[in-house]
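Just final23.txt here, compact mmCIF, C-alpha atoms and all ligand atoms:
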```txt
# COMPACT_ATOMS: atom_id res chain seq x y z
CA MET A 1 -4.87 -10.16 -30.13
CA LEU A 2 -2.03 -7.68 -29.73
CA GLY A 3 0.76 -8.43 -32.18
CA SER A 4 -1.22 -10.89 -34.30
CA PRO A 5 -0.94 -10.55 -38.07
CA GLY A 6 -3.79 -8.48 -39.44
CA PRO A 7 -5.63 -8.27 -42.73
CA PRO A 8 -3.91 -6.53 -45.64
CA PRO A 9 -4.05 -2.70 -45.56
CA ALA A 10 -7.29 -1.32 -46.95
CA ALA A 11 -7.28 0.92 -49.99
CA GLY A 12 -8.00 4.63 -49.48
CA ARG A 13 -6.26 4.72 -46.12
CA GLY A 14 -7.44 8.21 -45.20
CA GLN A 15 -11.05 7.06 -45.33
CA GLN A 16 -10.34 4.22 -42.91
CA THR A 17 -8.03 6.00 -40.49
CA VAL A 18 -9.33 7.10 -37.11
CA VAL A 19 -7.85 9.35 -34.44
CA ALA A 20 -8.42 8.15 -30.87
CA VAL A 21 -7.66 9.95 -27.61
CA ASP A 22 -7.90 8.75 -24.01
CA VAL A 23 -7.97 11.41 -21.30
CA GLY A 24 -6.45 10.05 -18.10
CA GLY A 25 -5.82 11.72 -14.76
CA THR A 26 -2.10 12.05 -15.54
CA LEU A 27 -1.70 11.77 -19.32
CA ILE A 28 -3.74 12.47 -22.43
CA LYS A 29 -2.82 9.59 -24.75
CA ALA A 30 -3.52 9.63 -28.46
CA VAL A 31 -3.14 7.24 -31.37
CA VAL A 32 -3.89 7.37 -35.07
CA VAL A 33 -5.03 3.94 -36.19
CA ALA A 34 -4.98 2.85 -39.84
CA GLY A 35 -7.74 0.75 -41.31
CA ASP A 36 -5.68 -2.41 -40.85
CA GLY A 37 -5.31 -1.82 -37.09
CA ARG A 38 -1.78 -0.44 -37.13
CA VAL A 39 -1.00 2.48 -34.84
CA ILE A 40 0.64 4.88 -37.28
CA ARG A 41 1.03 7.83 -34.93
CA ARG A 42 1.17 8.19 -31.18
CA ALA A 43 1.28 11.22 -28.86
CA ARG A 44 1.17 11.79 -25.12
CA ILE A 45 0.88 15.06 -23.22
CA PRO A 46 0.33 15.78 -19.51
CA THR A 47 -3.29 16.22 -18.48
CA ALA A 48 -2.26 18.71 -15.75
CA PRO A 49 -5.74 18.92 -14.17
CA GLN A 50 -4.37 21.36 -11.58
CA ASP A 51 -4.52 24.01 -14.35
CA GLY A 52 -8.33 23.71 -14.38
CA ALA A 53 -10.86 21.92 -16.57
CA ALA A 54 -10.90 24.64 -19.26
CA ALA A 55 -7.13 24.30 -19.72
CA VAL A 56 -7.44 20.50 -20.04
CA VAL A 57 -10.13 20.90 -22.71
CA ALA A 58 -7.97 23.45 -24.58
CA ARG A 59 -4.93 21.11 -24.55
CA LEU A 60 -7.08 18.19 -25.61
CA SER A 61 -8.59 20.21 -28.45
CA ASP A 62 -5.16 21.38 -29.69
CA LEU A 63 -3.81 17.82 -29.65
CA ALA A 64 -6.86 16.45 -31.47
CA ALA A 65 -6.68 19.18 -34.12
CA ALA A 66 -2.96 18.58 -34.70
CA LEU A 67 -3.46 14.82 -35.12
CA VAL A 68 -6.44 15.23 -37.45
CA GLU A 69 -4.38 17.67 -39.53
CA GLN A 70 -1.35 15.34 -39.62
CA ALA A 71 -3.52 12.37 -40.50
CA SER A 72 -5.19 14.36 -43.30
CA ALA A 73 -1.84 15.44 -44.75
CA ALA A 74 -0.23 12.00 -44.55
CA ASP A 75 -3.15 9.81 -45.52
CA GLY A 76 -4.59 11.73 -48.43
CA GLY A 77 -7.82 12.73 -46.76
CA PRO A 78 -9.35 13.48 -43.38
CA PRO A 79 -9.66 10.63 -40.88
CA ALA A 80 -12.99 8.84 -40.90
CA ALA A 81 -13.78 9.86 -37.31
CA PHE A 82 -12.43 10.93 -33.95
CA GLY A 83 -12.94 8.83 -30.81
CA LEU A 84 -12.58 10.33 -27.36
CA ALA A 85 -12.49 8.28 -24.16
CA VAL A 86 -12.99 10.24 -20.94
CA PRO A 87 -13.25 9.24 -17.27
CA GLY A 88 -16.03 9.65 -14.75
CA ILE A 89 -19.69 10.08 -15.61
CA VAL A 90 -20.23 10.38 -19.36
CA ASP A 91 -23.34 10.97 -21.44
CA GLU A 92 -22.16 9.14 -24.56
CA ALA A 93 -25.26 9.91 -26.65
CA ALA A 94 -25.02 13.66 -25.99
CA GLY A 95 -21.20 13.69 -26.10
CA VAL A 96 -21.04 15.41 -22.70
CA ALA A 97 -18.53 14.66 -19.90
CA ARG A 98 -20.79 15.07 -16.86
CA PHE A 99 -18.27 14.69 -14.03
CA ALA A 100 -14.76 13.42 -13.33
CA ALA A 101 -13.20 13.69 -9.87
CA ASN A 102 -9.66 13.59 -11.30
CA ILE A 103 -10.17 16.21 -14.03
CA GLY A 104 -12.59 18.59 -12.35
CA TRP A 105 -14.94 19.14 -15.28
CA ARG A 106 -18.70 19.23 -14.99
CA ASP A 107 -21.08 19.03 -17.96
CA ALA A 108 -18.35 19.67 -20.53
CA PRO A 109 -19.97 19.48 -24.02
CA LEU A 110 -16.92 17.83 -25.60
CA ALA A 111 -18.56 16.58 -28.81
CA GLU A 112 -19.87 20.07 -29.55
CA LEU A 113 -16.64 21.85 -28.59
CA LEU A 114 -14.42 19.54 -30.63
CA GLY A 115 -16.85 18.89 -33.47
CA SER A 116 -16.88 22.47 -34.68
CA ARG A 117 -13.07 22.53 -34.74
CA LEU A 118 -12.25 19.09 -36.16
CA GLY A 119 -14.91 18.70 -38.83
CA VAL A 120 -15.09 14.89 -38.57
CA PRO A 121 -17.64 12.63 -36.82
CA ILE A 122 -16.95 12.35 -33.09
CA ALA A 123 -17.68 9.54 -30.65
CA VAL A 124 -17.36 10.34 -26.94
CA CYS A 125 -17.16 7.28 -24.72
CA HIS A 126 -16.49 6.25 -21.15
CA ASP A 127 -12.79 5.40 -20.83
CA VAL A 128 -13.03 2.18 -18.87
CA ARG A 129 -16.03 0.78 -20.75
CA ALA A 130 -14.19 1.60 -23.98
CA ALA A 131 -11.17 -0.28 -22.60
CA GLY A 132 -13.48 -3.17 -21.67
CA MET A 133 -14.79 -3.32 -25.23
CA ALA A 134 -11.21 -3.26 -26.50
CA GLU A 135 -10.23 -6.15 -24.19
CA ALA A 136 -13.25 -8.11 -25.46
CA ARG A 137 -12.59 -7.50 -29.14
CA LEU A 138 -8.82 -7.07 -29.29
CA GLY A 139 -7.32 -8.15 -25.96
CA VAL A 140 -7.21 -10.93 -23.37
CA ALA A 141 -10.97 -11.24 -22.85
CA SER A 142 -11.97 -12.33 -26.36
CA GLN A 143 -13.19 -15.70 -25.08
CA ALA A 144 -15.04 -14.39 -22.01
CA ARG A 145 -18.74 -13.46 -21.95
CA ASP A 146 -18.66 -12.43 -18.28
CA PHE A 147 -15.66 -10.47 -17.14
CA LEU A 148 -14.60 -7.50 -15.10
CA LEU A 149 -11.92 -5.08 -16.25
CA VAL A 150 -10.38 -3.17 -13.36
CA GLN A 151 -8.31 -0.19 -14.47
CA ILE A 152 -5.89 0.94 -11.79
CA GLY A 153 -4.11 4.15 -12.68
CA THR A 154 -4.41 7.62 -11.18
CA GLY A 155 -7.89 6.43 -10.19
CA ILE A 156 -9.65 3.06 -10.11
CA ALA A 157 -12.70 2.11 -12.18
CA ALA A 158 -14.16 -1.04 -13.64
CA ALA A 159 -16.04 -2.16 -16.73
CA LEU A 160 -18.56 -4.97 -16.45
CA MET A 161 -19.11 -7.27 -19.42
CA LEU A 162 -22.12 -9.41 -18.50
CA GLY A 163 -23.53 -11.98 -20.91
CA GLY A 164 -21.42 -10.48 -23.69
CA GLN A 165 -22.82 -6.96 -23.14
CA LEU A 166 -21.16 -4.02 -21.45
CA TYR A 167 -23.28 -2.98 -18.49
CA PRO A 168 -23.40 0.82 -18.14
CA GLY A 169 -25.92 0.97 -15.27
CA ALA A 170 -29.31 2.64 -15.18
CA ARG A 171 -27.78 6.11 -15.64
CA GLY A 172 -24.38 5.21 -17.06
CA ASP A 173 -22.70 5.38 -13.65
CA SER A 174 -21.65 1.75 -13.18
CA GLY A 175 -18.11 0.62 -12.48
CA GLU A 176 -17.04 3.25 -9.94
CA LEU A 177 -15.22 0.60 -7.92
CA GLY A 178 -12.63 3.14 -6.81
CA HIS A 179 -15.25 4.82 -4.64
CA VAL A 180 -16.33 1.96 -2.42
CA THR A 181 -15.19 2.46 1.17
CA VAL A 182 -12.37 0.18 2.26
CA THR A 183 -11.03 2.14 5.24
CA SER A 184 -13.52 3.56 7.69
CA GLY A 185 -12.43 7.13 8.50
CA GLY A 186 -9.62 6.95 5.93
CA SER A 187 -8.16 9.66 3.70
CA ARG A 188 -10.32 12.19 1.90
CA CYS A 189 -11.00 11.20 -1.71
CA GLY A 190 -11.45 13.45 -4.76
CA CYS A 191 -15.09 12.31 -4.90
CA GLY A 192 -15.83 13.93 -1.54
CA GLY A 193 -15.93 10.65 0.38
CA THR A 194 -13.34 9.20 2.72
CA GLY A 195 -11.52 5.88 2.80
CA CYS A 196 -12.34 5.01 -0.83
CA LEU A 197 -10.46 2.13 -2.51
CA GLU A 198 -8.86 4.75 -4.75
CA THR A 199 -7.22 6.44 -1.73
CA VAL A 200 -5.43 3.21 -0.80
CA ALA A 201 -4.77 1.22 -3.96
CA SER A 202 -4.50 3.51 -7.00
CA ALA A 203 -1.07 4.04 -8.55
CA ALA A 204 -1.21 7.63 -7.28
CA ALA A 205 -2.25 6.52 -3.78
CA VAL A 206 0.56 4.01 -3.27
CA ALA A 207 3.15 6.63 -4.26
CA ARG A 208 1.54 9.23 -1.98
CA ARG A 209 1.21 6.84 0.99
CA TYR A 210 4.83 5.77 0.65
CA ALA A 211 5.97 9.41 0.62
CA GLU A 212 3.83 10.24 3.67
CA ARG A 213 5.23 7.38 5.72
CA SER A 214 8.85 7.27 4.65
CA GLY A 215 9.62 10.80 3.53
CA GLY A 216 11.01 9.13 0.40
CA ARG A 217 9.69 9.53 -3.10
CA VAL A 218 8.66 7.10 -5.80
CA THR A 219 7.50 8.37 -9.17
CA ASP A 220 5.13 5.49 -9.89
CA ALA A 221 3.91 2.08 -8.81
CA ALA A 222 6.81 0.37 -10.59
CA GLY A 223 9.19 2.33 -8.39
CA LEU A 224 7.34 1.16 -5.29
CA VAL A 225 7.43 -2.45 -6.49
CA ARG A 226 11.20 -2.18 -6.91
CA LEU A 227 11.46 -1.00 -3.29
CA VAL A 228 9.26 -3.92 -2.18
CA ALA A 229 11.57 -6.32 -4.03
CA ALA A 230 14.56 -4.69 -2.34
CA GLY A 231 13.00 -5.34 1.09
CA ASP A 232 11.96 -1.77 2.03
CA PRO A 233 9.58 -2.38 4.97
CA VAL A 234 7.51 0.80 4.41
CA ALA A 235 7.05 0.01 0.72
CA GLU A 236 6.08 -3.54 1.66
CA GLN A 237 3.43 -2.28 4.10
CA VAL A 238 1.97 0.21 1.60
CA TRP A 239 1.88 -2.46 -1.14
CA THR A 240 0.31 -5.08 1.13
CA GLU A 241 -2.41 -2.64 2.20
CA ALA A 242 -3.14 -1.79 -1.45
CA VAL A 243 -3.33 -5.43 -2.52
CA ASP A 244 -5.50 -6.32 0.50
CA ALA A 245 -7.94 -3.50 -0.31
CA LEU A 246 -8.11 -4.61 -3.95
CA ALA A 247 -8.69 -8.22 -2.88
CA ASP A 248 -11.55 -7.09 -0.60
CA ALA A 249 -13.15 -5.15 -3.45
CA LEU A 250 -12.74 -8.02 -5.93
CA ALA A 251 -14.23 -10.47 -3.41
CA TRP A 252 -17.34 -8.29 -3.16
CA CYS A 253 -17.53 -8.07 -6.96
CA GLN A 254 -17.10 -11.83 -7.41
CA SER A 255 -19.77 -12.61 -4.82
CA MET A 256 -22.18 -10.39 -6.72
CA LEU A 257 -21.25 -11.13 -10.31
CA ASP A 258 -19.60 -14.57 -10.60
CA VAL A 259 -17.41 -13.51 -13.52
CA GLU A 260 -15.07 -15.97 -15.23
CA LEU A 261 -12.23 -13.49 -15.69
CA VAL A 262 -10.87 -10.37 -14.04
CA VAL A 263 -8.59 -8.30 -16.28
CA VAL A 264 -6.34 -5.85 -14.45
CA GLY A 265 -5.24 -2.86 -16.51
CA GLY A 266 -3.87 0.65 -16.03
CA GLY A 267 -0.51 1.77 -14.69
CA LEU A 268 -0.50 -0.49 -11.63
CA SER A 269 -0.85 -3.56 -13.85
CA ARG A 270 2.70 -2.95 -15.09
CA ALA A 271 3.76 -4.48 -11.75
CA GLY A 272 2.77 -7.80 -13.40
CA PRO A 273 3.23 -10.86 -11.14
CA ALA A 274 4.14 -8.61 -8.18
CA LEU A 275 0.50 -7.49 -8.27
CA ILE A 276 -1.37 -10.41 -9.81
CA ASP A 277 0.15 -13.19 -7.66
CA PRO A 278 -0.62 -11.72 -4.21
CA LEU A 279 -3.95 -10.37 -5.50
CA ALA A 280 -4.98 -13.84 -6.72
CA SER A 281 -4.01 -15.49 -3.43
CA GLY A 282 -5.70 -12.68 -1.46
CA LEU A 283 -8.89 -13.12 -3.46
CA ALA A 284 -8.79 -16.92 -3.21
CA GLY A 285 -8.38 -16.59 0.58
CA ARG A 286 -11.50 -14.42 0.79
CA LEU A 287 -13.75 -16.64 -1.34
CA THR A 288 -15.31 -19.62 0.39
CA PHE A 289 -17.99 -21.26 -1.76
CA GLN A 290 -17.74 -18.80 -4.68
CA HIS A 291 -15.88 -19.75 -7.86
CA MET A 292 -12.48 -18.18 -8.26
CA PRO A 293 -12.17 -16.15 -11.49
CA LEU A 294 -9.07 -16.19 -13.67
CA LEU A 295 -6.92 -13.10 -13.18
CA ALA A 296 -5.04 -11.66 -16.15
CA VAL A 297 -3.07 -8.55 -16.96
CA SER A 298 -4.40 -6.46 -19.85
CA ALA A 299 -2.73 -7.21 -23.18
CA LEU A 300 -3.41 -3.69 -24.42
CA GLY A 301 -1.69 -2.05 -21.46
CA ASP A 302 -2.27 1.64 -21.02
CA GLU A 303 -3.50 1.92 -24.62
CA ALA A 304 -6.69 -0.06 -23.95
CA GLY A 305 -8.67 3.19 -23.64
CA CYS A 306 -7.24 4.44 -26.95
CA ALA A 307 -8.07 1.12 -28.61
CA GLY A 308 -11.63 1.39 -27.29
CA ALA A 309 -11.92 4.99 -28.51
CA ALA A 310 -10.72 3.80 -31.93
CA LEU A 311 -13.46 1.14 -31.95
CA ALA A 312 -16.04 3.80 -31.02
CA ALA A 313 -14.74 6.11 -33.76
CA ARG A 314 -14.99 3.37 -36.39
CA SER A 315 -18.53 2.63 -35.25
CA ALA A 316 -19.43 6.34 -35.54
CA ALA A 317 -18.03 6.33 -39.09
CA GLY A 318 -20.01 3.23 -40.06
CA LEU A 319 -16.82 1.17 -40.44
CA PRO A 320 -16.59 -2.47 -39.29
CA PRO A 321 -14.82 -3.05 -35.95
CA LEU A 322 -11.07 -3.55 -35.89
CA THR A 323 -10.08 -7.17 -35.41
CA VAL A 324 -6.51 -6.36 -34.39
CA PHE A 325 -4.74 -3.47 -32.67
CA LEU A 326 -1.12 -3.45 -33.72
CA PRO A 327 1.38 -1.29 -31.90
CA GLY A 328 3.25 -0.61 -35.16
CA THR A 329 6.28 1.61 -35.18
CA ALA A 330 4.72 4.94 -34.24
ZN ZN A 401 -13.99 8.33 -3.67
```
Could you show the structure in this file as structure tokens?
Amino acid sequence: MLGSPGPPPAAGRGQQTVVAVDVGGTLIKAVVVAGDGRVIRRARIPTAPQDGAAAVVARLSDLAAALVEQASAADGGPPAAFGLAVPGIVDEAAGVARFAANIGWRDAPLAELLGSRLGVPIAVCHDVRAAGMAEARLGVASQARDFLLVQIGTGIAAALMLGGQLYPGARGDSGELGHVTVTSGGSRCGCGGTGCLETVASAAAVARRYAERSGGRVTDAAGLVRLVAAGDPVAEQVWTEAVDALADALAWCQSMLDVELVVVGGGLSRAGPALIDPLASGLAGRLTFQHMPLLAVSALGDEAGCAGAALAARSAAGLPPLTVFLPGTA
């Protein structure tokens, strides 16, 4: 669990250290995690997907190389491995990012591109499934065998843990909850569809919809929540529509899956009770005979993807899984 005391630091720290990066639609987040689970370095840079996929890959590669070099210099040896969590459709075995609506890349051979530069083992993983694994091993879902993690940030995607196993789908495409239609004839989505959940309820969507209707500007979902609390009627309407759309989507999921727990992560989860309370009552109001799942906010926050990438990196290096993920002082 986040903040719990961990085991004593392992000897030969460089051999146990991993570098983990999570590529989001807005930020590329990176951590260097010591063998005892402490985050000893942390970096964030803009993803800036408007510059094109090649520019994103170049920035990502430069950041990874800098962190591997720093870790090598500080820890007396190269890190044991590099873990990379990316959104969209991912071929984890081949290390190829097949498609991501928010980044714009197609068939990007990330393991090959980065491997030749970094010189350490690389694990490429799906960002939300990596976050789901992190919630199961290190976060709020450690007691749950059947849970859904819904990451709500620039986009929306889910990880399904069913019977204690992450469910990737027949072709690795599961969890694209952001692209179910919630508004017939609604806004155009980055996936090519219209009226997707992501166009109504993502952190980016609520900010955009508020700006469109009010002419005002909020920088993030937290800003919108502050306006809701202050009684702004446009903010209230935008927020209610987002929560209603999420409750619809969760009701469909619960009818299909009967999970015991729904973990809400990503930027929108920072709204805390302002999101979870109306979402729980909205979901409860939609369920009739189905069991109501527990709803919880991610304990790993927006570093769940990084924590999952660190787990994947340790696995690639043949190291045992982390049992704690400690924010440390980095
Ligand atoms: Zn879509």
Could I get the residues of chain A with an atom no further than 9 Å from an atom of ligand ZN 401 (chain A), each paired with its nearest atom pair and that distance in Å to one decimal, using only C-alpha atoms and all ligand atoms, sorted by chain and residue number, as CSV?
```
residue,atom,partner,partner_atom,distance
A:Ala101,CA,A:ZN401,ZN,8.2
A:Glu176,CA,A:ZN401,ZN,8.6
A:Leu177,CA,A:ZN401,ZN,8.9
A:Gly178,CA,A:ZN401,ZN,6.2
A:His179,CA,A:ZN401,ZN,3.9
A:Val180,CA,A:ZN401,ZN,6.9
A:Thr181,CA,A:ZN401,ZN,7.7
A:Arg188,CA,A:ZN401,ZN,7.7
A:Cys189,CA,A:ZN401,ZN,4.6
A:Gly190,CA,A:ZN401,ZN,5.8
A:Cys191,CA,A:ZN401,ZN,4.3
A:Gly192,CA,A:ZN401,ZN,6.3
A:Gly193,CA,A:ZN401,ZN,5.1
A:Thr194,CA,A:ZN401,ZN,6.5
A:Gly195,CA,A:ZN401,ZN,7.3
A:Cys196,CA,A:ZN401,ZN,4.7
A:Leu197,CA,A:ZN401,ZN,7.2
A:Glu198,CA,A:ZN401,ZN,6.3
A:Thr199,CA,A:ZN401,ZN,7.3
```
Record the distance separating atom CA of A:Asp277 and atom CA of A:Ala299, expressed in Å with one decimal.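 Separation between atom CA of A:Asp277 and atom CA of A:Ala299: 16.9 Å.
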Contact residues around A:Thr47 with only C-alpha atoms at 6 Å, ignoring same-chain residues under 3 positions, as a list of chain:residue names: A:Thr26, A:Leu27, A:Ile28
Atom CA of A:Ala123 to atom CA of A:Val262 measures 26.8 Å
Find the residue from A:Pro320, A:Pro273, A:Leu257, A:Gln16 that sits nearest to A:Gln290; use all atoms listed in the file when measuring. A:Leu257
Shortest contact to A:Val57, candidates A:Gly77, A:Pro233, A:Gly104, A:Gly88, atoms counted all atoms listed in the file, goes to A:Gly104
Closest of A:Leu113, A:Ala316, A:Ala94, A:Leu294 to A:Val259 - atom-to-atom distances counting all atoms listed in the file: A:Leu294
State, in Å with one decimal place, the distance from atom CA of A:Leu67 to atom CA of A:Ala157. 27.8 Å
Kindly indicate which residue among A:Leu319, A:Val21, A:Leu148, A:Ala81 lies nearest to A:Tyr167, using only C-alpha atoms for the distances.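 Smallest distance to A:Tyr167 is found for A:Leu148.
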Please output stretch 54-84 of chain A, rebuilt to include N, CA and C atoms, as a CSV table (one decimal), in the coordinates of the input.
```csv
chain,number,residue,atom,x,y,z
A,54,ALA,N,-10.9,23.9,-18.0
A,54,ALA,CA,-10.9,24.6,-19.3
A,54,ALA,C,-9.5,24.5,-19.9
A,55,ALA,N,-8.5,24.5,-19.2
A,55,ALA,CA,-7.1,24.3,-19.7
A,55,ALA,C,-7.0,22.9,-20.3
A,56,VAL,N,-7.5,21.9,-19.6
A,56,VAL,CA,-7.4,20.5,-20.0
A,56,VAL,C,-8.2,20.4,-21.4
A,57,VAL,N,-9.3,21.0,-21.5
A,57,VAL,CA,-10.1,20.9,-22.7
A,57,VAL,C,-9.4,21.6,-23.8
A,58,ALA,N,-8.7,22.7,-23.6
A,58,ALA,CA,-8.0,23.4,-24.6
A,58,ALA,C,-6.8,22.6,-25.1
A,59,ARG,N,-6.1,22.0,-24.2
A,59,ARG,CA,-4.9,21.1,-24.6
A,59,ARG,C,-5.4,19.9,-25.4
A,60,LEU,N,-6.5,19.3,-24.9
A,60,LEU,CA,-7.1,18.2,-25.6
A,60,LEU,C,-7.5,18.6,-27.0
A,61,SER,N,-8.1,19.7,-27.2
A,61,SER,CA,-8.6,20.2,-28.4
A,61,SER,C,-7.4,20.5,-29.4
A,62,ASP,N,-6.3,21.1,-28.9
A,62,ASP,CA,-5.2,21.4,-29.7
A,62,ASP,C,-4.5,20.1,-30.2
A,63,LEU,N,-4.4,19.1,-29.3
A,63,LEU,CA,-3.8,17.8,-29.6
A,63,LEU,C,-4.6,17.1,-30.7
A,64,ALA,N,-6.0,17.1,-30.5
A,64,ALA,CA,-6.9,16.4,-31.5
A,64,ALA,C,-6.8,17.1,-32.8
A,65,ALA,N,-6.7,18.5,-32.8
A,65,ALA,CA,-6.7,19.2,-34.1
A,65,ALA,C,-5.4,18.9,-34.8
A,66,ALA,N,-4.3,18.8,-34.1
A,66,ALA,CA,-3.0,18.6,-34.7
A,66,ALA,C,-2.9,17.2,-35.3
A,67,LEU,N,-3.5,16.2,-34.6
A,67,LEU,CA,-3.5,14.8,-35.1
A,67,LEU,C,-4.4,14.7,-36.3
A,68,VAL,N,-5.5,15.3,-36.3
A,68,VAL,CA,-6.4,15.2,-37.4
A,68,VAL,C,-5.8,15.9,-38.7
A,69,GLU,N,-5.1,17.0,-38.4
A,69,GLU,CA,-4.4,17.7,-39.5
A,69,GLU,C,-3.2,16.8,-40.1
A,70,GLN,N,-2.5,16.2,-39.2
A,70,GLN,CA,-1.4,15.3,-39.6
A,70,GLN,C,-1.9,14.1,-40.4
A,71,ALA,N,-3.0,13.5,-39.8
A,71,ALA,CA,-3.5,12.4,-40.5
A,71,ALA,C,-4.0,12.7,-41.9
A,72,SER,N,-4.7,13.9,-42.0
A,72,SER,CA,-5.2,14.4,-43.3
A,72,SER,C,-4.1,14.5,-44.3
A,73,ALA,N,-3.0,15.2,-43.8
A,73,ALA,CA,-1.8,15.4,-44.8
A,73,ALA,C,-1.2,14.1,-45.2
A,74,ALA,N,-1.0,13.2,-44.2
A,74,ALA,CA,-0.2,12.0,-44.6
A,74,ALA,C,-1.1,10.9,-45.3
A,75,ASP,N,-2.4,10.9,-45.0
A,75,ASP,CA,-3.2,9.8,-45.5
A,75,ASP,C,-4.0,10.2,-46.7
A,76,GLY,N,-3.9,11.4,-47.2
A,76,GLY,CA,-4.6,11.7,-48.4
A,76,GLY,C,-6.1,12.0,-48.2
A,77,GLY,N,-6.4,12.4,-47.0
A,77,GLY,CA,-7.8,12.7,-46.8
A,77,GLY,C,-8.0,12.8,-45.3
A,78,PRO,N,-9.1,13.4,-44.8
A,78,PRO,CA,-9.4,13.5,-43.4
A,78,PRO,C,-9.6,12.1,-42.8
A,79,PRO,N,-9.3,11.9,-41.5
A,79,PRO,CA,-9.7,10.6,-40.9
A,79,PRO,C,-11.2,10.4,-40.9
A,80,ALA,N,-11.6,9.2,-40.8
A,80,ALA,CA,-13.0,8.8,-40.9
A,80,ALA,C,-13.8,9.4,-39.7
A,81,ALA,N,-13.1,9.4,-38.5
A,81,ALA,CA,-13.8,9.9,-37.3
A,81,ALA,C,-12.8,10.1,-36.2
A,82,PHE,N,-13.2,10.7,-35.1
A,82,PHE,CA,-12.4,10.9,-34.0
A,82,PHE,C,-13.1,10.3,-32.8
A,83,GLY,N,-12.4,9.5,-32.0
A,83,GLY,CA,-12.9,8.8,-30.8
A,83,GLY,C,-12.3,9.4,-29.6
A,84,LEU,N,-13.1,9.7,-28.6
A,84,LEU,CA,-12.6,10.3,-27.4
A,84,LEU,C,-13.1,9.6,-26.1
```
